[in-house]
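File shown here: work.tsv, holding TSV, C-alpha atoms.
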chain	number	residue	atom	x	y	z
A	1	MET	CA	-80.91	36.63	-29.60
A	2	VAL	CA	-80.22	35.91	-25.94
A	3	GLN	CA	-76.57	36.49	-25.16
A	4	GLN	CA	-74.85	33.75	-23.20
A	5	VAL	CA	-72.25	34.31	-20.53
A	6	SER	CA	-69.68	31.55	-20.80
A	7	ASP	CA	-69.97	29.06	-17.95
A	8	SER	CA	-66.54	27.49	-18.49
A	9	ALA	CA	-64.40	27.46	-15.36
A	10	ALA	CA	-61.61	29.43	-17.06
A	11	ALA	CA	-63.98	32.18	-18.24
A	12	GLU	CA	-65.45	32.42	-14.77
A	13	ARG	CA	-62.01	32.73	-13.16
A	14	ILE	CA	-61.17	35.53	-15.59
A	15	ARG	CA	-64.39	37.38	-14.74
A	16	ARG	CA	-63.74	37.05	-11.00
A	17	ALA	CA	-60.17	38.34	-11.33
A	18	ALA	CA	-61.43	41.22	-13.47
A	19	ILE	CA	-64.09	42.19	-10.91
A	20	GLU	CA	-61.46	42.37	-8.17
A	21	ALA	CA	-59.05	44.31	-10.38
A	22	PHE	CA	-61.77	46.78	-11.49
A	23	ALA	CA	-62.89	47.20	-7.87
A	24	GLU	CA	-59.32	48.17	-6.92
A	25	SER	CA	-58.23	50.32	-9.85
A	26	GLY	CA	-61.36	51.01	-11.90
A	27	TYR	CA	-62.04	49.69	-15.38
A	28	GLY	CA	-59.99	52.45	-17.01
A	29	GLY	CA	-57.07	51.81	-14.66
A	30	THR	CA	-56.85	48.07	-15.31
A	31	SER	CA	-55.16	46.42	-18.30
A	32	THR	CA	-56.06	42.93	-19.52
A	33	ARG	CA	-52.46	42.00	-18.72
A	34	GLU	CA	-53.03	42.94	-15.06
A	35	ILE	CA	-56.10	40.72	-14.97
A	36	THR	CA	-54.43	37.64	-16.48
A	37	LYS	CA	-51.34	38.19	-14.30
A	38	ARG	CA	-53.51	37.66	-11.21
A	39	LEU	CA	-54.27	34.20	-12.58
A	40	GLY	CA	-50.73	33.40	-13.69
A	41	MET	CA	-51.99	33.36	-17.29
A	42	SER	CA	-50.46	35.00	-20.31
A	43	ALA	CA	-52.47	37.86	-21.82
A	44	THR	CA	-53.04	35.85	-25.00
A	45	ALA	CA	-54.61	32.99	-23.00
A	46	MET	CA	-57.57	35.29	-22.33
A	47	TYR	CA	-58.46	35.86	-25.98
A	48	PRO	CA	-60.26	32.57	-26.66
A	49	HIS	CA	-62.63	33.59	-23.82
A	50	TYR	CA	-62.74	37.37	-24.16
A	51	ARG	CA	-61.32	39.17	-27.15
A	52	SER	CA	-61.07	42.50	-25.36
A	53	LYS	CA	-61.41	44.17	-21.98
A	54	GLU	CA	-64.76	45.57	-23.13
A	55	GLU	CA	-66.07	42.06	-23.92
A	56	LEU	CA	-65.06	41.03	-20.44
A	57	LEU	CA	-66.83	44.05	-18.95
A	58	PHE	CA	-69.91	43.21	-20.98
A	59	ALA	CA	-69.93	39.61	-19.73
A	60	ILE	CA	-69.62	40.82	-16.12
A	61	SER	CA	-72.35	43.42	-16.64
A	62	LEU	CA	-74.66	40.94	-18.30
A	63	GLN	CA	-74.22	38.38	-15.55
A	64	GLY	CA	-74.49	40.99	-12.78
A	65	HIS	CA	-77.60	42.66	-14.16
A	66	ARG	CA	-79.28	39.31	-14.78
A	67	ALA	CA	-78.45	38.14	-11.26
A	68	ALA	CA	-79.95	41.29	-9.72
A	69	LEU	CA	-83.08	40.95	-11.87
A	70	GLN	CA	-83.47	37.31	-10.88
A	71	VAL	CA	-83.11	38.16	-7.20
A	72	LEU	CA	-85.95	40.68	-7.52
A	73	GLN	CA	-88.17	38.35	-9.53
A	74	GLU	CA	-87.67	35.50	-7.07
A	75	ALA	CA	-88.34	37.74	-4.07
A	76	ASP	CA	-91.61	38.99	-5.50
A	77	GLU	CA	-94.78	37.20	-4.47
A	78	PRO	CA	-97.35	38.30	-7.05
A	79	ASP	CA	-100.24	36.97	-4.98
A	80	ALA	CA	-99.34	38.88	-1.81
A	81	ASP	CA	-100.53	42.42	-1.06
A	82	HIS	CA	-98.61	45.35	-2.53
A	83	LEU	CA	-96.91	46.38	0.68
A	84	ARG	CA	-95.63	42.89	1.39
A	85	ARG	CA	-94.41	42.60	-2.20
A	86	LEU	CA	-92.61	45.95	-2.04
A	87	ARG	CA	-90.93	45.09	1.24
A	88	ALA	CA	-89.78	41.71	-0.09
A	89	VAL	CA	-88.37	43.16	-3.30
A	90	VAL	CA	-86.61	46.09	-1.59
A	91	ALA	CA	-85.08	43.80	1.01
A	92	ALA	CA	-83.80	41.40	-1.66
A	93	PHE	CA	-82.36	44.18	-3.83
A	94	THR	CA	-80.69	45.84	-0.84
A	95	GLY	CA	-79.20	42.55	0.32
A	96	TRP	CA	-77.84	41.83	-3.15
A	97	GLN	CA	-76.20	45.27	-3.45
A	98	ALA	CA	-74.55	44.80	-0.04
A	99	GLU	CA	-73.35	41.24	-0.58
A	100	GLN	CA	-72.33	41.66	-4.22
A	101	ARG	CA	-70.96	45.18	-3.86
A	102	HIS	CA	-67.83	44.62	-5.98
A	103	VAL	CA	-69.80	43.23	-8.90
A	104	ALA	CA	-72.48	45.87	-8.34
A	105	ARG	CA	-69.96	48.73	-8.51
A	106	VAL	CA	-68.54	47.50	-11.81
A	107	VAL	CA	-72.04	46.97	-13.13
A	108	GLN	CA	-73.24	50.44	-12.06
A	109	TYR	CA	-70.23	52.69	-12.55
A	110	GLU	CA	-68.64	51.39	-15.77
A	111	LEU	CA	-71.68	51.36	-18.05
A	112	HIS	CA	-70.27	54.22	-20.11
A	113	ALA	CA	-67.33	52.04	-21.18
A	114	LEU	CA	-69.58	49.56	-23.04
A	115	THR	CA	-70.02	49.72	-26.82
A	116	PRO	CA	-73.38	51.21	-27.88
A	117	GLU	CA	-74.73	47.77	-28.81
A	118	HIS	CA	-73.70	46.20	-25.51
A	119	TYR	CA	-75.04	49.21	-23.66
A	120	ARG	CA	-78.46	48.73	-25.25
A	121	THR	CA	-78.53	45.08	-24.18
A	122	ILE	CA	-77.76	46.05	-20.58
A	123	VAL	CA	-80.26	48.93	-20.54
A	124	ALA	CA	-82.99	46.48	-21.56
A	125	ILE	CA	-82.26	44.37	-18.45
A	126	ARG	CA	-82.18	47.49	-16.26
A	127	ARG	CA	-85.63	48.38	-17.57
A	128	GLN	CA	-86.92	44.96	-16.53
A	129	THR	CA	-85.47	45.43	-13.05
A	130	THR	CA	-87.13	48.82	-12.71
A	131	ALA	CA	-90.35	47.32	-14.07
A	132	VAL	CA	-90.52	44.82	-11.19
A	133	ILE	CA	-90.52	47.67	-8.65
A	134	ALA	CA	-92.70	49.90	-10.84
A	135	GLY	CA	-95.34	47.19	-11.26
A	136	ILE	CA	-95.73	46.91	-7.50
A	137	VAL	CA	-95.72	50.67	-6.83
A	138	GLU	CA	-98.22	51.39	-9.60
A	139	GLY	CA	-100.42	48.50	-8.50
A	140	GLY	CA	-100.36	49.81	-4.94
A	141	LYS	CA	-101.38	53.28	-6.06
A	142	LYS	CA	-104.21	51.94	-8.21
A	143	SER	CA	-105.57	49.76	-5.41
A	144	GLY	CA	-105.34	52.63	-2.94
A	145	ASP	CA	-102.87	50.73	-0.73
A	146	PHE	CA	-100.17	53.30	-1.42
A	147	GLU	CA	-100.80	56.99	-0.80
A	148	ILE	CA	-98.49	58.46	-3.41
A	149	ASP	CA	-98.72	61.20	-6.01
A	150	ASP	CA	-96.18	60.16	-8.55
A	151	PRO	CA	-95.26	56.46	-8.82
A	152	ASP	CA	-92.30	57.15	-11.14
A	153	ASP	CA	-90.57	59.34	-8.58
A	154	VAL	CA	-91.11	56.80	-5.84
A	155	VAL	CA	-89.70	54.03	-8.06
A	156	LEU	CA	-86.69	56.20	-8.85
A	157	ALA	CA	-86.03	56.95	-5.19
A	158	ILE	CA	-86.42	53.36	-4.04
A	159	SER	CA	-84.17	52.00	-6.82
A	160	SER	CA	-81.58	54.71	-6.21
A	161	LEU	CA	-81.53	54.06	-2.48
A	162	CYS	CA	-80.91	50.34	-3.05
A	163	VAL	CA	-78.28	50.81	-5.76
A	164	ASP	CA	-76.27	53.29	-3.69
A	165	VAL	CA	-75.71	50.61	-1.06
A	166	CYS	CA	-72.89	49.17	-3.19
A	167	ARG	CA	-71.04	52.50	-2.91
A	168	TRP	CA	-70.86	52.73	0.87
A	169	PHE	CA	-71.49	49.26	2.29
A	170	PRO	CA	-70.16	48.23	4.79
A	171	SER	CA	-70.05	51.20	7.16
A	172	THR	CA	-69.19	51.39	10.84
A	173	ARG	CA	-72.89	51.14	11.59
A	174	HIS	CA	-74.09	48.69	8.94
A	175	ARG	CA	-72.15	45.49	8.41
A	176	ASP	CA	-75.05	43.05	8.21
A	177	PRO	CA	-76.79	42.84	4.81
A	178	GLU	CA	-79.90	41.28	6.37
A	179	ARG	CA	-80.34	44.00	8.97
A	180	LEU	CA	-79.87	46.67	6.33
A	181	ALA	CA	-82.40	44.93	4.08
A	182	LYS	CA	-84.99	45.13	6.88
A	183	THR	CA	-84.17	48.82	7.51
A	184	TYR	CA	-84.56	49.66	3.83
A	185	ALA	CA	-87.85	47.76	3.59
A	186	ASP	CA	-89.10	49.92	6.49
A	187	LEU	CA	-87.95	53.10	4.73
A	188	ALA	CA	-89.61	52.08	1.45
A	189	GLU	CA	-92.78	51.38	3.38
A	190	ARG	CA	-92.73	54.90	4.81
A	191	MET	CA	-92.31	56.34	1.32
A	192	VAL	CA	-95.51	54.69	0.11
A	193	VAL	CA	-97.77	54.60	3.14
A	194	GLY	CA	-96.21	57.06	5.55
A	195	ALA	CA	-95.85	56.70	9.30
A	196	ARG	CA	-98.44	54.51	11.00
B	1	MET	CA	-54.02	73.14	10.03
B	2	VAL	CA	-56.57	74.13	7.41
B	3	GLN	CA	-55.48	72.93	4.00
B	4	GLN	CA	-55.72	75.45	1.20
B	5	VAL	CA	-56.80	74.68	-2.35
B	6	SER	CA	-54.73	76.85	-4.68
B	7	ASP	CA	-56.80	79.63	-6.21
B	8	SER	CA	-54.31	80.42	-8.99
B	9	ALA	CA	-55.88	80.37	-12.46
B	10	ALA	CA	-53.43	77.71	-13.68
B	11	ALA	CA	-54.16	75.37	-10.77
B	12	GLU	CA	-57.88	75.80	-11.33
B	13	ARG	CA	-57.55	75.01	-15.04
B	14	ILE	CA	-55.64	71.85	-14.16
B	15	ARG	CA	-58.33	70.78	-11.69
B	16	ARG	CA	-61.08	71.38	-14.25
B	17	ALA	CA	-59.27	69.37	-16.92
B	18	ALA	CA	-58.67	66.58	-14.42
B	19	ILE	CA	-62.34	66.46	-13.43
B	20	GLU	CA	-63.37	66.05	-17.06
B	21	ALA	CA	-60.69	63.43	-17.71
B	22	PHE	CA	-61.59	61.46	-14.56
B	23	ALA	CA	-65.29	61.67	-15.49
B	24	GLU	CA	-64.49	60.11	-18.88
B	25	SER	CA	-61.89	57.48	-18.02
B	26	GLY	CA	-61.90	57.21	-14.22
B	27	TYR	CA	-59.04	58.23	-11.95
B	28	GLY	CA	-57.17	54.97	-12.53
B	29	GLY	CA	-57.55	55.29	-16.30
B	30	THR	CA	-56.15	58.82	-16.53
B	31	SER	CA	-52.47	59.76	-16.56
B	32	THR	CA	-51.22	63.20	-15.54
B	33	ARG	CA	-49.90	63.49	-19.10
B	34	GLU	CA	-53.43	63.09	-20.46
B	35	ILE	CA	-54.61	65.87	-18.18
B	36	THR	CA	-51.93	68.35	-19.13
B	37	LYS	CA	-52.31	67.46	-22.82
B	38	ARG	CA	-55.89	68.74	-22.69
B	39	LEU	CA	-54.46	72.12	-21.71
B	40	GLY	CA	-51.58	72.07	-24.19
B	41	MET	CA	-49.20	71.97	-21.23
B	42	SER	CA	-46.19	69.74	-20.73
B	43	ALA	CA	-46.49	67.18	-17.94
B	44	THR	CA	-43.70	68.90	-16.00
B	45	ALA	CA	-45.64	72.20	-16.04
B	46	MET	CA	-48.11	70.62	-13.64
B	47	TYR	CA	-45.58	69.85	-10.91
B	48	PRO	CA	-45.28	73.35	-9.40
B	49	HIS	CA	-49.07	73.12	-8.79
B	50	TYR	CA	-49.57	69.42	-8.09
B	51	ARG	CA	-46.70	67.06	-7.51
B	52	SER	CA	-48.72	63.96	-8.28
B	53	LYS	CA	-52.07	62.77	-9.60
B	54	GLU	CA	-53.06	61.95	-6.03
B	55	GLU	CA	-52.36	65.53	-4.90
B	56	LEU	CA	-54.59	66.73	-7.71
B	57	LEU	CA	-57.33	64.29	-6.67
B	58	PHE	CA	-57.01	65.49	-3.09
B	59	ALA	CA	-57.35	69.16	-4.13
B	60	ILE	CA	-60.48	68.31	-6.18
B	61	SER	CA	-61.93	66.25	-3.31
B	62	LEU	CA	-61.20	68.94	-0.76
B	63	GLN	CA	-62.79	71.65	-2.87
B	64	GLY	CA	-65.78	69.46	-3.83
B	65	HIS	CA	-66.51	68.31	-0.29
B	66	ARG	CA	-66.16	71.83	1.09
B	67	ALA	CA	-68.48	73.19	-1.61
B	68	ALA	CA	-71.15	70.59	-0.80
B	69	LEU	CA	-70.85	71.30	2.91
B	70	GLN	CA	-71.14	75.04	2.32
B	71	VAL	CA	-74.24	74.55	0.16
B	72	LEU	CA	-75.90	72.62	3.01
B	73	GLN	CA	-74.87	75.10	5.68
B	74	GLU	CA	-76.12	78.06	3.65
B	75	ALA	CA	-79.44	76.34	2.87
B	76	ASP	CA	-80.11	75.59	6.51
B	77	GLU	CA	-82.22	78.10	8.44
B	78	PRO	CA	-81.55	77.25	12.09
B	79	ASP	CA	-84.50	79.36	13.30
B	80	ALA	CA	-87.08	77.67	11.05
B	81	ASP	CA	-89.01	74.53	12.06
B	82	HIS	CA	-87.39	71.12	11.54
B	83	LEU	CA	-89.43	70.14	8.51
B	84	ARG	CA	-88.69	73.35	6.68
B	85	ARG	CA	-85.00	73.00	7.53
B	86	LEU	CA	-84.88	69.40	6.31
B	87	ARG	CA	-86.65	70.27	3.05
B	88	ALA	CA	-84.27	73.18	2.41
B	89	VAL	CA	-81.15	71.14	3.08
B	90	VAL	CA	-82.27	68.13	1.02
B	91	ALA	CA	-83.25	70.35	-1.90
B	92	ALA	CA	-79.89	72.13	-1.82
B	93	PHE	CA	-77.87	68.90	-1.57
B	94	THR	CA	-79.88	67.28	-4.39
B	95	GLY	CA	-79.46	70.31	-6.62
B	96	TRP	CA	-75.72	70.37	-6.01
B	97	GLN	CA	-75.31	66.67	-6.84
B	98	ALA	CA	-77.25	67.17	-10.08
B	99	GLU	CA	-75.49	70.34	-11.20
B	100	GLN	CA	-72.01	69.33	-10.09
B	101	ARG	CA	-72.30	65.66	-11.06
B	102	HIS	CA	-68.84	65.37	-12.61
B	103	VAL	CA	-67.10	66.78	-9.56
B	104	ALA	CA	-69.44	64.81	-7.32
B	105	ARG	CA	-68.59	61.51	-9.02
B	106	VAL	CA	-64.85	62.06	-8.61
B	107	VAL	CA	-65.42	63.12	-5.02
B	108	GLN	CA	-67.60	60.09	-4.20
B	109	TYR	CA	-66.10	57.25	-6.22
B	110	GLU	CA	-62.36	57.84	-6.00
B	111	LEU	CA	-61.96	58.23	-2.24
B	112	HIS	CA	-60.06	54.94	-2.02
B	113	ALA	CA	-57.27	56.37	-4.16
B	114	LEU	CA	-56.35	59.02	-1.56
B	115	THR	CA	-53.41	58.56	0.83
B	116	PRO	CA	-54.51	57.64	4.37
B	117	GLU	CA	-53.72	61.17	5.62
B	118	HIS	CA	-55.69	62.84	2.84
B	119	TYR	CA	-58.51	60.38	3.31
B	120	ARG	CA	-58.78	61.36	6.99
B	121	THR	CA	-59.01	65.04	6.07
B	122	ILE	CA	-61.84	64.33	3.63
B	123	VAL	CA	-63.70	62.04	6.03
B	124	ALA	CA	-63.73	64.85	8.60
B	125	ILE	CA	-65.56	67.10	6.10
B	126	ARG	CA	-67.99	64.29	5.22
B	127	ARG	CA	-68.81	63.95	8.92
B	128	GLN	CA	-69.65	67.66	9.07
B	129	THR	CA	-71.94	67.29	6.05
B	130	THR	CA	-73.74	64.36	7.66
B	131	ALA	CA	-73.90	66.32	10.92
B	132	VAL	CA	-75.93	69.10	9.26
B	133	ILE	CA	-78.63	66.59	8.23
B	134	ALA	CA	-78.33	64.60	11.48
B	135	GLY	CA	-78.77	67.72	13.62
B	136	ILE	CA	-82.07	68.49	11.92
B	137	VAL	CA	-83.37	64.90	11.97
B	138	GLU	CA	-82.44	64.38	15.63
B	139	GLY	CA	-83.90	67.76	16.57
B	140	GLY	CA	-87.13	66.85	14.77
B	141	LYS	CA	-87.38	63.56	16.64
B	142	LYS	CA	-86.72	65.21	19.99
B	143	SER	CA	-89.34	67.90	19.42
B	144	GLY	CA	-91.86	65.32	18.22
B	145	ASP	CA	-92.11	66.94	14.77
B	146	PHE	CA	-90.67	63.81	13.14
B	147	GLU	CA	-92.24	60.41	13.76
B	148	ILE	CA	-89.17	58.23	13.36
B	149	ASP	CA	-87.64	55.34	15.25
B	150	ASP	CA	-84.03	55.55	14.32
B	151	PRO	CA	-82.61	58.94	13.28
B	152	ASP	CA	-79.30	57.42	12.10
B	153	ASP	CA	-81.00	55.23	9.52
B	154	VAL	CA	-83.09	58.13	8.25
B	155	VAL	CA	-79.96	60.29	7.93
B	156	LEU	CA	-78.20	57.49	6.05
B	157	ALA	CA	-81.09	57.04	3.64
B	158	ILE	CA	-81.54	60.75	2.97
B	159	SER	CA	-77.82	61.30	2.40
B	160	SER	CA	-77.56	58.23	0.19
B	161	LEU	CA	-80.54	59.26	-1.90
B	162	CYS	CA	-79.01	62.70	-2.53
B	163	VAL	CA	-75.50	61.43	-3.25
B	164	ASP	CA	-76.70	58.84	-5.77
B	165	VAL	CA	-78.12	61.64	-7.93
B	166	CYS	CA	-74.62	62.24	-9.33
B	167	ARG	CA	-74.57	58.67	-10.69
B	168	TRP	CA	-77.70	58.83	-12.80
B	169	PHE	CA	-78.54	62.49	-13.42
B	170	PRO	CA	-79.78	63.50	-15.97
B	171	SER	CA	-82.30	60.84	-16.99
B	172	THR	CA	-84.99	60.89	-19.65
B	173	ARG	CA	-87.42	61.95	-16.97
B	174	HIS	CA	-85.34	64.28	-14.82
B	175	ARG	CA	-83.26	66.96	-16.50
B	176	ASP	CA	-84.09	69.89	-14.23
B	177	PRO	CA	-82.08	70.06	-10.99
B	178	GLU	CA	-84.64	72.37	-9.37
B	179	ARG	CA	-87.59	70.09	-10.07
B	180	LEU	CA	-85.65	67.10	-8.79
B	181	ALA	CA	-84.69	69.06	-5.65
B	182	LYS	CA	-88.39	69.67	-4.93
B	183	THR	CA	-89.23	65.99	-5.56
B	184	TYR	CA	-86.50	64.84	-3.17
B	185	ALA	CA	-87.58	67.32	-0.50
B	186	ASP	CA	-91.08	65.78	-0.74
B	187	LEU	CA	-89.65	62.25	-0.41
B	188	ALA	CA	-87.51	63.22	2.59
B	189	GLU	CA	-90.61	64.74	4.17
B	190	ARG	CA	-92.47	61.46	3.77
B	191	MET	CA	-89.62	59.59	5.42
B	192	VAL	CA	-89.87	61.72	8.57
B	193	VAL	CA	-93.53	62.59	8.87
B	194	GLY	CA	-95.26	60.15	6.53
B	195	ALA	CA	-98.17	60.87	4.22
B	196	ARG	CA	-100.44	63.70	5.28
Could I get this file's structure written as structure tokens?
Amino acid sequence: MVQQVSDSAAAERIRRAAIEAFAESGYGGTSTREITKRLGMSATAMYPHYRSKEELLFAISLQGHRAALQVLQEADEPDADHLRRLRAVVAAFTGWQAEQRHVARVVQYELHALTPEHYRTIVAIRRQTTAVIAGIVEGGKKSGDFEIDDPDDVVLAISSLCVDVCRWFPSTRHRDPERLAKTYADLAERMVVGAR
Amino acid sequence: MVQQVSDSAAAERIRRAAIEAFAESGYGGTSTREITKRLGMSATAMYPHYRSKEELLFAISLQGHRAALQVLQEADEPDADHLRRLRAVVAAFTGWQAEQRHVARVVQYELHALTPEHYRTIVAIRRQTTAVIAGIVEGGKKSGDFEIDDPDDVVLAISSLCVDVCRWFPSTRHRDPERLAKTYADLAERMVVGAR
């Protein structure tokens, strides 16, 4: 069964308010009352949309993980060479983490607060995201385009590098998601083909 | 003025309990009462040691940041060549993030909860940590050992890669801090000298 994230305007406003509240005080430090208060709603007005704070977190996580996956899938050009594909995917993922850093932080740091069932649903999407990068890296090794020993470690490092952007972005030095995306594509390139 | 972290046994027990509580529920989701309850203490028994939850967070952050800095400084061998120095420092930093992941998460993710004055103190230590890596990377570029365009971006990527370990470690694949440290030293090497 494919889970749907409600597209009603009210549900979306609640998710947005929750993302901002979680970004400020953490999931554990935010009550549903604090979220609805931001919208001038009563706490009970949330229940038709989300029956608990965890359901709200799940909806945000589902939407966030799907958005990131879609960004990667759309950036990939399966007919291009492996290096071009890797650069495109890394740039897109980096840009998304920078631009959507509040959503990304919730999505990355609050996973442990999900119920086991919800957690499994999210992990399945994370696997698909990793698989996009892994498919390119493994393909590049097989074709000889990439000079790497262990594709899994390279995939881990590239994913980790992109994901960590949401923790620190922006910095004094990096305020432009597009410039950072280019920088990270260059770094990923070095990891797979080395200096030229 | 150099700030001291109390080395009394009681203060240390409180910090340990707080680290575990923050790791489970986040800083925002943990009350001082919940921390002292873990130790069978009354909430007021904490005040002679830490007057507030923020003071406790600051003590943990100070100790954690100093420990990470010390690990880097001790791993560095200023007389060795740049590549050997970089490998040693990256391995040590990676290992620390893996082994001390609970402390590391508090230290990395809850910075925004510090008072501005405490934040400035911590940022000064973070700059020293970055400076250890930056000194090696810049030295390697100057000597021609490292074939890199922009040392700052390489320092950012290497630091970010190491720090993000505390988010995901352990994984199905990586459960051994020492093996991961070796893997990350290899990846950092590729970033500065490319494939060989």
Tell me, as a compact mmCIF listing (two decimals) with C-alpha atoms, in the coordinates of the input, which residues lie within 10 Å of B:Gln4, counting only C-alpha atoms; anything in the same chain fewer than 3 positions away does not count.
# COMPACT_ATOMS: atom_id res chain seq x y z
CA MET B 1 -54.02 73.14 10.03
CA ASP B 7 -56.80 79.63 -6.21
CA ALA B 59 -57.35 69.16 -4.13
CA LEU B 62 -61.20 68.94 -0.76
CA GLN B 63 -62.79 71.65 -2.87
Rank B:Arg87, B:Arg13, B:His82, B:Arg51 by their smallest atom-to-atom distance to B:Lys182, using only C-alpha atoms, and report the top residue only.
-> B:Arg87
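Using only C-alpha atoms, the shortest contact distance between A:Leu57 and any of A:Ala92, A:Ala18, A:Glu77, A:Thr30 is found at A:Ala18.
Each of B:Ser31, B:Ser61, B:Ser160, B:Ser25 was compared to B:Val5 using all atoms listed in the file, and B:Ser61 turns out to be the nearest.
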With a distance threshold of 8 Å and counting only C-alpha atoms, extract the residues of chain B near chain A and express them as a VMD selection string.
-> chain B and resid 25 to 30 109 147 to 148 153 to 154 157 160 to 161 164 to 165 167 183 187 190 to 196
Might you pull out every residue within 7 Å of stretch 134-139 of chain A, with only C-alpha atoms counted and same-chain residues fewer than 2 positions away left off, and present them as an MDAnalysis selection string?
-> chainID A and resid 82 85:86 130:132 141:143 151 155
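Taking only C-alpha atoms into account, B:Cys166 lies nearest to B:Ala23 out of the set B:Ala23, B:Leu111, B:Tyr119, B:Asp149.
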